[in-house]
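Novice: Following this message is one structure expressed as structure tokens.
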Amino acid sequence: VTPSGPTPVQAAREAARRGRLRQPTAWFRLGILAAFALVPLVAPSFKVTDLALKIALFATLAASYDVVIGYTGIVSFGHAMYFGIGAYAVALALGKLGGVTYGHLGLGFLAGILVSAAVAALIGAFSLRVKALFFAMITLAFAEFALILAVQWTPLTGGEDGLSPRLPGVFAVSWAGGQFLGVPLGARSVTYYAVLAACLALFLVMSRFVHSPLGRTLQAIRDNELRAEALGYRTFVFQLAASSFGSVVATVVGGLYAVWVRYVNPESTLGVPIMLDVLLMVIIGGLGTLYGGIVGAAVLLGARTLLPDLRALGAAVAPGSEILQRLADRWLLYFGVLFILVVFFFPKGVLGTLREARSRPASEPARPPIRT
Amino acid sequence: VTQVTKTRLLVLTTVALLLAPLLSIEPRTYLTLSVAGLAMGMLIFLVASGLTLIFGLMDVLNFAHGALFSWGAFVGFSIAVALDRRFQWATSGSVGANLLILLLALTATVLVTAALGLLLERVIVRPVYGQHLFQILITLGATIVLEELIRIVWGPNDQVMPVPVTLQGSWDVADVVVLRFPVVAIGLGLLVYAGMRLVLNRTRVGLIVRAGVENGEMVQVMGHNLSRYFTGVFAAGSGLAGVGGLMWAMFSQSVRPAMGGEQLVFAFIVVIIGGLGSVTGSLVGALLVGLSYNYVAFLLPKAAIGVNMALMVLILLLRPTGLFGAGK
């Protein structure tokens, strides 16, 4: 029997689509986007612009990790590796292995995506079938290996010193500049808007991904793998697809990072600290929220930029006290304590807690979304 | 192919692989490398032994293990420096004084790190038993706090660890260079291994702990306060982390606040290679890692760091539960 009208699910989706602009969150998201777009026009210094775009970049990276860990329930410690692969691919295509043209820029992104997809598929193919914990460890091993490779393979990667790619055309530092709607534009602003637009596009693609039937299936697998399997889904294939997709997005973000920072080294793109940062961002923002990454990135990067100023404050309040000076120096300590408290009392993160409060006031106590 | 033949094949392959370097290394160098590898393996085992209890047995993903390792190193460092400054126990050649300073530093280290472990388990680990992701997150937070506390108490810089004179240098046994300190480490490692085997397999406490891991409710029904036992195991594992930290600090003759994080990956690899919950597995895994690292470092220096990862991936491909894993 073929139903004539839309199914109840389709009807509900259609209603949600029509009511989309009436939701306050939609306007809130647009507001955030507008704020990001306005930053280079009103920012007093390059430091602020840089911070804003890094927040956008890391928010996208955190969201791509969220697709893997929050929506699919796979704990991977190798996500930073894909970020690094993207950054190195673009830097190499514009430098040692290519030339400074738009074509090579595109080729760099393409090569990074292909390498990442292949690596992600390979790792997933032989380690997603075993215990979830081992997947975490194997990805950690691969990430460590990638870091070592980048440090040791000096002729190609420049070792610890890294690479400083030059960018083509309108992105180049030497670009004379132009006018857009009467506003003078430099290479920095053009790069800023290009990277921001790319981040926005990635966010839209990820949003589309997690809300697609495929994304729904992933969430079903996350919540109860056995049930999903019993319903006839080949969970392994779905998990493989999700982890590969997240990895590819992370690769593109890595390439964008290389374009904005114009400097790629092992420490800033491949290291374990980057992985931890991304994990912390996702947790602070909220697992399985996608947009939580923005909150997490803003909190973490903002704290990292602003909190070292505590030192100056400490010196001003009590000059000469060494132990106080050390206490003020170690802003990371307070961050650690805060982090433990957040994990304990808001296990769903900022956005997750807000969402829960909005949809189900005073409902069941917060439960962690994943059990491996 | 039966299970027994499979195991035999695995053992034979391992032995063959370990002897393979003989093809391109002359026997005397091979022997020196093997002794160094065994010593390094024992040091790694000391680090991993605590993690075997906490991660392997209790199934807690304790990322703070590395921070406890650093704490152990720094506490031992403080004791050693204080005693050496006052009595010159490390710089004097007296064997008794040298051993005494090692013993005192070890005791203080174990006490402090076990106390820290107790605190960690009671305050932050207990609410997240059985939830891996939250264990990772909570213990990561604890790692940040513990490492920062080290930087506040001892300052952020590297420091030189005083090593008792007797433990420095090497012996020359039939043209094979045998470093002294690793021999002490091997002895201590064997002692720890024997002690763990004894307690876990031959005592009532070990029985209750192992039963509690298998079926906690049943053990509690039988009237044992399991959470107290688990706290004890966690504290013991933390104390072992401290021992590992102190020994590693003496081996590398320096202490750094971040030293634990680097060893943590090693320790996790060893526990996974050996099979979760198996003390013997950890020992074998650690020795394998130490030996293969030394051989590869001699033959292909650049590939040395990747060899542990390769070893883990290989073993997990062949035996997904690790070498001695029960396969839960």
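Every chain in the structure tokens takes a letter, A first, then B, and so on in the order presented; its residues are numbered from 1, and the ligands are numbered from 1 following the presented order.
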At a cut-off of 7 Å, which residues of chain B touch chain A? Count only C-alpha atoms and give the answer as a list in words.
Specialist: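 Applying the cut-off to the listed atoms yields Gln131, His132, Leu133, Ile138, Gly141, Ala142, Ile144, Val145, Glu148, Ile152, Gly306, Met309, Val313 and Pro320 of chain B.
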Novice: Just to be explicit: take each residue in the selection above, keep C-alpha atoms, and write the result as a compact mmCIF listing (two decimals), in the first residue's frame.
Specialist:
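Result file follows (part-v8.txt):
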```txt
# COMPACT_ATOMS: atom_id res chain seq x y z
CA GLN B 131 31.73 5.08 32.51
CA HIS B 132 34.85 5.17 30.40
CA LEU B 133 34.40 8.53 28.78
CA ILE B 138 37.71 13.44 35.15
CA GLY B 141 41.16 17.24 34.83
CA ALA B 142 42.98 15.66 37.75
CA ILE B 144 46.03 19.12 34.88
CA VAL B 145 45.56 19.96 38.56
CA GLU B 148 50.12 22.34 37.98
CA ILE B 152 53.65 25.45 42.08
CA GLY B 306 57.28 4.05 16.17
CA MET B 309 52.94 1.49 18.20
CA VAL B 313 48.88 -2.77 16.34
CA PRO B 320 42.51 -8.72 19.99
```
Novice: Could you list, as an mmCIF file with N, CA, C and O atoms, in the first residue's frame, every residue within 9 Å of B:Gly244, counting only C-alpha atoms and ignoring same-chain residues fewer than 6 positions away?
Specialist:
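Generated output (selection11.cif):
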```cif
data_model
loop_
_atom_site.group_PDB
_atom_site.id
_atom_site.type_symbol
_atom_site.label_atom_id
_atom_site.label_comp_id
_atom_site.auth_asym_id
_atom_site.auth_seq_id
_atom_site.Cartn_x
_atom_site.Cartn_y
_atom_site.Cartn_z
ATOM 1 N N LEU B 43 61.936 -1.218 33.701
ATOM 2 C CA LEU B 43 61.535 0.136 34.105
ATOM 3 C C LEU B 43 60.119 0.424 33.615
ATOM 4 O O LEU B 43 59.294 0.984 34.346
ATOM 5 N N ILE B 44 59.864 0.040 32.363
ATOM 6 C CA ILE B 44 58.519 0.262 31.823
ATOM 7 C C ILE B 44 57.501 -0.558 32.608
ATOM 8 O O ILE B 44 56.395 -0.103 32.889
ATOM 9 N N PHE B 45 57.912 -1.782 32.997
ATOM 10 C CA PHE B 45 56.988 -2.608 33.775
ATOM 11 C C PHE B 45 56.658 -1.939 35.110
ATOM 12 O O PHE B 45 55.509 -1.971 35.565
ATOM 13 N N LEU B 46 57.662 -1.328 35.731
ATOM 14 C CA LEU B 46 57.400 -0.638 36.997
ATOM 15 C C LEU B 46 56.342 0.442 36.804
ATOM 16 O O LEU B 46 55.470 0.644 37.645
ATOM 17 N N VAL B 47 56.429 1.148 35.667
ATOM 18 C CA VAL B 47 55.434 2.186 35.384
ATOM 19 C C VAL B 47 54.075 1.547 35.117
ATOM 20 O O VAL B 47 53.041 2.029 35.576
ATOM 21 N N ALA B 48 54.110 0.441 34.348
ATOM 22 C CA ALA B 48 52.853 -0.149 33.897
ATOM 23 C C ALA B 48 52.184 -0.999 34.970
ATOM 24 O O ALA B 48 50.980 -1.242 34.897
ATOM 25 N N SER B 49 52.962 -1.452 35.967
ATOM 26 C CA SER B 49 52.400 -2.383 36.940
ATOM 27 C C SER B 49 51.211 -1.767 37.680
ATOM 28 O O SER B 49 50.197 -2.421 37.893
ATOM 29 N N GLY B 50 51.350 -0.499 38.046
ATOM 30 C CA GLY B 50 50.243 0.163 38.728
ATOM 31 C C GLY B 50 49.031 0.295 37.829
ATOM 32 O O GLY B 50 47.885 0.129 38.256
ATOM 33 N N PHE B 69 52.836 9.461 38.611
ATOM 34 C CA PHE B 69 54.214 9.095 38.266
ATOM 35 C C PHE B 69 55.144 10.295 38.484
ATOM 36 O O PHE B 69 56.184 10.202 39.138
ATOM 37 N N GLY B 72 55.538 10.997 42.138
ATOM 38 C CA GLY B 72 56.493 10.072 42.737
ATOM 39 C C GLY B 72 57.920 10.524 42.498
ATOM 40 O O GLY B 72 58.744 10.548 43.423
ATOM 41 N N ALA B 73 58.195 10.913 41.255
ATOM 42 C CA ALA B 73 59.540 11.352 40.921
ATOM 43 C C ALA B 73 59.931 12.570 41.753
ATOM 44 O O ALA B 73 61.037 12.643 42.301
#
```
Novice: Please determine, counting only C-alpha atoms, which residue among A:Ser64, A:Val100, A:Val170, A:Leu128 has the shortest atom-to-atom distance to A:Val237.
Specialist: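 Using only C-alpha atoms, the shortest distance to A:Val237 belongs to A:Leu128.
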Novice: Do a neighbour search on B:Arg197 at 10 Å with only C-alpha atoms, toss out local chain neighbours closer than 6 positions, and write the hits as a compact mmCIF listing (two decimals) with N, CA, C and O atoms, in the first residue's frame.
Specialist:
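In the end it all went to result_11.txt:
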```txt
# COMPACT_ATOMS: atom_id res chain seq x y z
N LEU B 191 60.80 -8.06 41.98
CA LEU B 191 60.21 -8.05 43.32
C LEU B 191 58.74 -7.62 43.26
O LEU B 191 57.86 -8.26 43.86
N THR B 203 46.44 -14.75 48.19
CA THR B 203 45.89 -14.25 49.45
C THR B 203 44.39 -14.05 49.33
O THR B 203 43.83 -14.00 48.24
N GLY B 206 43.49 -10.76 47.58
CA GLY B 206 43.56 -10.88 46.12
C GLY B 206 42.35 -11.59 45.57
O GLY B 206 41.78 -11.20 44.54
N SER B 278 46.14 -8.87 33.34
CA SER B 278 47.16 -9.90 33.53
C SER B 278 48.50 -9.27 33.92
O SER B 278 49.08 -8.50 33.16
N VAL B 279 48.96 -9.60 35.13
CA VAL B 279 50.24 -9.06 35.59
C VAL B 279 51.39 -9.64 34.76
O VAL B 279 52.29 -8.92 34.32
N THR B 280 51.31 -10.95 34.52
CA THR B 280 52.34 -11.59 33.70
C THR B 280 52.36 -10.97 32.30
O THR B 280 53.43 -10.71 31.74
```
Novice: Can you work out which one of B:Leu283, B:Leu53, B:Leu106, B:Met58 has the shortest atom-to-atom distance to B:Val243, counting only C-alpha atoms?
Specialist: B:Leu106
Novice: Please report, as a Markdown table, each residue of stretch 58-125 of chain B lying at most 12 Å from stretch 256-275 of chain B, together with the nearest pair of atoms and the separation in Å rounded to one decimal; use only C-alpha atoms, and order rows by chain and ascending residue number.
Specialist:
```
| residue | atom | partner | partner_atom | distance |
| --- | --- | --- | --- | --- |
| B:Asp59 | CA | B:Val271 | CA | 11.3 |
| B:Val60 | CA | B:Phe268 | CA | 11.8 |
| B:Leu61 | CA | B:Phe268 | CA | 9.4 |
| B:Asn62 | CA | B:Leu264 | CA | 9.6 |
| B:Phe63 | CA | B:Leu264 | CA | 7.5 |
| B:Ala64 | CA | B:Gly261 | CA | 8.6 |
| B:His65 | CA | B:Leu264 | CA | 7.0 |
| B:Gly66 | CA | B:Gly260 | CA | 3.9 |
| B:Ala67 | CA | B:Gly260 | CA | 5.4 |
| B:Leu68 | CA | B:Gly260 | CA | 7.4 |
| B:Phe69 | CA | B:Gly260 | CA | 5.3 |
| B:Ser70 | CA | B:Gly260 | CA | 5.0 |
| B:Trp71 | CA | B:Pro257 | CA | 8.1 |
| B:Gly72 | CA | B:Gly260 | CA | 9.5 |
| B:Ala73 | CA | B:Arg256 | CA | 8.5 |
| B:Phe74 | CA | B:Pro257 | CA | 8.1 |
| B:Val75 | CA | B:Pro257 | CA | 11.6 |
| B:Phe77 | CA | B:Arg256 | CA | 10.6 |
```
Novice: Would you mind exporting the chosen residues as a compact mmCIF listing (two decimals), in the first residue's frame, restricted to C-alpha atoms?
Specialist:
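Saved as part-v4.txt:
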```
# COMPACT_ATOMS: atom_id res chain seq x y z
CA ASP B 59 38.82 -1.18 34.27
CA VAL B 60 39.33 2.47 35.20
CA LEU B 61 40.87 4.58 32.44
CA ASN B 62 43.10 6.51 34.77
CA PHE B 63 44.89 9.23 32.83
CA ALA B 64 46.04 10.72 36.13
CA HIS B 65 48.44 7.79 36.43
CA GLY B 66 51.05 9.84 34.60
CA ALA B 67 50.65 12.74 37.01
CA LEU B 68 51.07 10.37 39.96
CA PHE B 69 54.21 9.10 38.27
CA SER B 70 55.55 12.67 38.16
CA TRP B 71 54.56 13.19 41.79
CA GLY B 72 56.49 10.07 42.74
CA ALA B 73 59.54 11.35 40.92
CA PHE B 74 59.37 14.77 42.60
CA VAL B 75 58.75 13.45 46.11
CA PHE B 77 63.72 13.91 44.35
```
Novice: Please provide the set of residues having any atom within 12 Å of stretch 12-26 of chain A, restricted to only C-alpha atoms, with same-chain residues fewer than 2 positions apart removed, written as a tab-separated table (two decimals) with all heavy atoms, in the first residue's frame.
Specialist:
```
chain	number	residue	atom	x	y	z
A	6	PRO	N	1.86	12.87	2.96
A	6	PRO	CA	3.15	12.71	3.64
A	6	PRO	C	2.98	11.83	4.87
A	6	PRO	O	1.93	11.81	5.50
A	6	PRO	CB	3.52	14.14	4.02
A	6	PRO	CG	2.23	14.87	4.08
A	6	PRO	CD	1.33	14.22	3.08
A	7	THR	N	4.04	11.07	5.21
A	7	THR	CA	4.01	10.27	6.43
A	7	THR	C	4.05	11.22	7.63
A	7	THR	O	4.42	12.39	7.49
A	7	THR	CB	5.23	9.34	6.50
A	7	THR	OG1	6.39	10.15	6.57
A	7	THR	CG2	5.30	8.45	5.28
A	8	PRO	N	3.69	10.72	8.82
A	8	PRO	CA	3.73	11.60	10.01
A	8	PRO	C	5.11	12.21	10.23
A	8	PRO	O	5.23	13.38	10.60
A	8	PRO	CB	3.36	10.64	11.15
A	8	PRO	CG	2.59	9.55	10.50
A	8	PRO	CD	3.10	9.43	9.11
A	9	VAL	N	6.15	11.41	9.97
A	9	VAL	CA	7.51	11.92	10.16
A	9	VAL	C	7.77	13.06	9.20
A	9	VAL	O	8.28	14.13	9.57
A	9	VAL	CB	8.54	10.79	9.94
A	9	VAL	CG1	9.95	11.35	9.99
A	9	VAL	CG2	8.35	9.71	10.99
A	10	GLN	N	7.39	12.85	7.91
A	10	GLN	CA	7.60	13.90	6.92
A	10	GLN	C	6.82	15.16	7.29
A	10	GLN	O	7.33	16.28	7.15
A	10	GLN	CB	7.16	13.40	5.54
A	10	GLN	CG	8.19	12.46	4.91
A	10	GLN	CD	7.65	11.78	3.67
A	10	GLN	OE1	6.43	11.72	3.48
A	10	GLN	NE2	8.55	11.27	2.85
A	28	PHE	N	19.68	33.41	17.11
A	28	PHE	CA	20.90	33.45	17.92
A	28	PHE	C	22.10	33.02	17.08
A	28	PHE	O	23.15	33.66	17.10
A	28	PHE	CB	20.72	32.53	19.13
A	28	PHE	CG	21.74	32.74	20.19
A	28	PHE	CD1	21.84	33.96	20.84
A	28	PHE	CD2	22.62	31.72	20.54
A	28	PHE	CE1	22.80	34.16	21.81
A	28	PHE	CE2	23.57	31.92	21.51
A	28	PHE	CZ	23.66	33.14	22.15
A	29	ARG	N	21.91	31.95	16.31
A	29	ARG	CA	23.00	31.47	15.46
A	29	ARG	C	23.37	32.51	14.42
A	29	ARG	O	24.55	32.78	14.18
A	29	ARG	CB	22.58	30.18	14.75
A	29	ARG	CG	22.71	28.97	15.64
A	29	ARG	CD	22.14	27.75	14.97
A	29	ARG	NE	21.69	26.81	15.99
A	29	ARG	CZ	20.87	25.81	15.77
A	29	ARG	NH1	20.38	25.61	14.57
A	29	ARG	NH2	20.53	25.01	16.73
A	30	LEU	N	22.35	33.12	13.82
A	30	LEU	CA	22.63	34.17	12.83
A	30	LEU	C	23.38	35.32	13.48
A	30	LEU	O	24.27	35.92	12.89
A	30	LEU	CB	21.32	34.65	12.20
A	30	LEU	CG	20.72	33.68	11.17
A	30	LEU	CD1	19.37	34.20	10.69
A	30	LEU	CD2	21.68	33.51	10.00
A	31	GLY	N	22.98	35.63	14.73
A	31	GLY	CA	23.65	36.71	15.45
A	31	GLY	C	25.12	36.41	15.66
A	31	GLY	O	25.99	37.27	15.47
A	32	ILE	N	25.43	35.16	16.04
A	32	ILE	CA	26.83	34.77	16.22
A	32	ILE	C	27.60	34.92	14.93
A	32	ILE	O	28.71	35.46	14.88
A	32	ILE	CB	26.92	33.31	16.74
A	32	ILE	CG1	26.40	33.24	18.17
A	32	ILE	CG2	28.34	32.80	16.67
A	32	ILE	CD1	26.36	31.86	18.73
A	33	LEU	N	26.96	34.47	13.83
A	33	LEU	CA	27.61	34.58	12.53
A	33	LEU	C	27.89	36.05	12.19
A	33	LEU	O	28.99	36.41	11.75
A	33	LEU	CB	26.71	33.95	11.46
A	33	LEU	CG	27.30	33.94	10.05
A	33	LEU	CD1	28.56	33.10	10.02
A	33	LEU	CD2	26.28	33.40	9.05
A	211	HIS	N	21.64	15.36	10.81
A	211	HIS	CA	20.18	15.31	10.79
A	211	HIS	C	19.64	14.47	9.65
A	211	HIS	O	18.44	14.37	9.47
A	211	HIS	CB	19.61	16.74	10.70
A	211	HIS	CG	19.85	17.50	11.97
A	211	HIS	ND1	20.57	18.66	12.01
A	211	HIS	CD2	19.50	17.24	13.23
A	211	HIS	CE1	20.66	19.08	13.26
A	211	HIS	NE2	20.01	18.24	14.02
A	212	SER	N	20.52	13.88	8.87
A	212	SER	CA	20.09	13.02	7.77
A	212	SER	C	19.69	11.66	8.34
A	212	SER	O	19.98	11.36	9.50
A	212	SER	CB	21.23	12.84	6.77
A	212	SER	OG	22.25	12.09	7.38
A	291	TYR	N	26.81	22.62	17.86
A	291	TYR	CA	27.14	24.03	18.05
A	291	TYR	C	27.85	24.29	19.38
A	291	TYR	O	28.38	25.37	19.60
A	291	TYR	CB	25.89	24.90	17.96
A	291	TYR	CG	25.30	24.87	16.58
A	291	TYR	CD1	24.30	23.98	16.24
A	291	TYR	CD2	25.78	25.72	15.59
A	291	TYR	CE1	23.78	23.92	14.96
A	291	TYR	CE2	25.28	25.67	14.30
A	291	TYR	CZ	24.27	24.77	14.00
A	291	TYR	OH	23.78	24.72	12.73
A	351	LEU	N	25.88	23.82	26.35
A	351	LEU	CA	24.76	23.82	25.42
A	351	LEU	C	23.79	22.67	25.71
A	351	LEU	O	22.58	22.84	25.65
A	351	LEU	CB	25.28	23.72	23.98
A	351	LEU	CG	24.48	24.53	22.98
A	351	LEU	CD1	24.56	26.00	23.32
A	351	LEU	CD2	25.00	24.27	21.59
A	354	LEU	N	21.67	23.63	28.62
A	354	LEU	CA	20.68	24.64	28.22
A	354	LEU	C	19.54	24.00	27.45
A	354	LEU	O	18.37	24.25	27.71
A	354	LEU	CB	21.34	25.72	27.37
A	354	LEU	CG	22.18	26.76	28.11
A	354	LEU	CD1	22.81	27.72	27.12
A	354	LEU	CD2	21.28	27.53	29.08
A	355	ARG	N	19.91	23.14	26.50
A	355	ARG	CA	18.90	22.48	25.68
A	355	ARG	C	17.95	21.66	26.53
A	355	ARG	O	16.75	21.66	26.34
A	355	ARG	CB	19.56	21.57	24.66
A	355	ARG	CG	19.91	22.29	23.39
A	355	ARG	CD	20.31	21.31	22.33
A	355	ARG	NE	20.93	22.07	21.25
A	355	ARG	CZ	21.50	21.51	20.20
A	355	ARG	NH1	21.54	20.21	20.09
A	355	ARG	NH2	22.03	22.25	19.26
A	358	ARG	N	15.56	23.74	28.40
A	358	ARG	CA	14.53	24.32	27.55
A	358	ARG	C	13.46	23.30	27.18
A	358	ARG	O	12.27	23.61	27.15
A	358	ARG	CB	15.17	24.85	26.27
A	358	ARG	CG	14.86	26.30	25.96
A	358	ARG	CD	15.76	26.77	24.85
A	358	ARG	NE	15.56	25.94	23.66
A	358	ARG	CZ	14.79	26.29	22.65
A	358	ARG	NH1	14.16	27.42	22.67
A	358	ARG	NH2	14.66	25.51	21.61
```
Novice: I'd like the interatomic distance between atom CA of B:Val110 and atom CA of B:Gly187, to a tenth of an Å.
Specialist: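 Atom-to-atom, atom CA of B:Val110 and atom CA of B:Gly187 are spaced 17.5 Å apart.
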Novice: Report as a PyMOL selection string: the residues of stretch 7-245 of chain B with a DSSP assignment of strand (DSSP E), based on the backbone of this structure.
Specialist: chain B and resi 159-160+170-173+176-179
Novice: Export N, CA, C and O atoms of the chosen residues as a compact mmCIF listing (two decimals), in the first residue's frame?
Specialist:
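Contents of again32.txt, as written:
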```txt
# COMPACT_ATOMS: atom_id res chain seq x y z
N GLN B 159 64.86 19.56 36.80
CA GLN B 159 65.88 19.56 37.85
C GLN B 159 66.69 18.28 37.75
O GLN B 159 66.23 17.29 37.21
N VAL B 160 67.90 18.37 38.31
CA VAL B 160 68.79 17.21 38.23
C VAL B 160 68.57 16.31 39.43
O VAL B 160 68.62 16.76 40.57
N SER B 170 78.90 1.28 35.44
CA SER B 170 78.55 -0.02 34.88
C SER B 170 79.58 -1.07 35.27
O SER B 170 80.68 -0.76 35.71
N TRP B 171 79.16 -2.33 35.14
CA TRP B 171 80.10 -3.44 35.30
C TRP B 171 80.43 -3.97 33.91
O TRP B 171 79.65 -3.82 32.99
N ASP B 172 81.59 -4.60 33.83
CA ASP B 172 82.01 -5.20 32.57
C ASP B 172 82.04 -6.71 32.78
O ASP B 172 82.99 -7.23 33.36
N VAL B 173 80.98 -7.40 32.36
CA VAL B 173 80.94 -8.84 32.56
C VAL B 173 81.24 -9.51 31.23
O VAL B 173 80.43 -9.48 30.31
N VAL B 176 80.64 -7.65 28.15
CA VAL B 176 79.30 -7.12 27.96
C VAL B 176 79.10 -5.99 28.98
O VAL B 176 79.30 -6.19 30.18
N VAL B 177 78.75 -4.81 28.47
CA VAL B 177 78.58 -3.68 29.37
C VAL B 177 77.24 -3.80 30.09
O VAL B 177 76.19 -3.88 29.46
N VAL B 178 77.27 -3.85 31.43
CA VAL B 178 76.04 -3.95 32.20
C VAL B 178 75.94 -2.72 33.10
O VAL B 178 76.72 -2.57 34.04
N LEU B 179 75.00 -1.86 32.78
CA LEU B 179 74.83 -0.67 33.62
C LEU B 179 74.30 -1.09 34.99
O LEU B 179 73.50 -2.02 35.10
```
Novice: List the neighbours of A:Leu147 out to 7 Å using only C-alpha atoms; skip same-chain residues closer than 3 positions along the sequence, and give me the result as a ChimeraX atom specification.
Specialist: /A:143-144,150-151,266,270-271
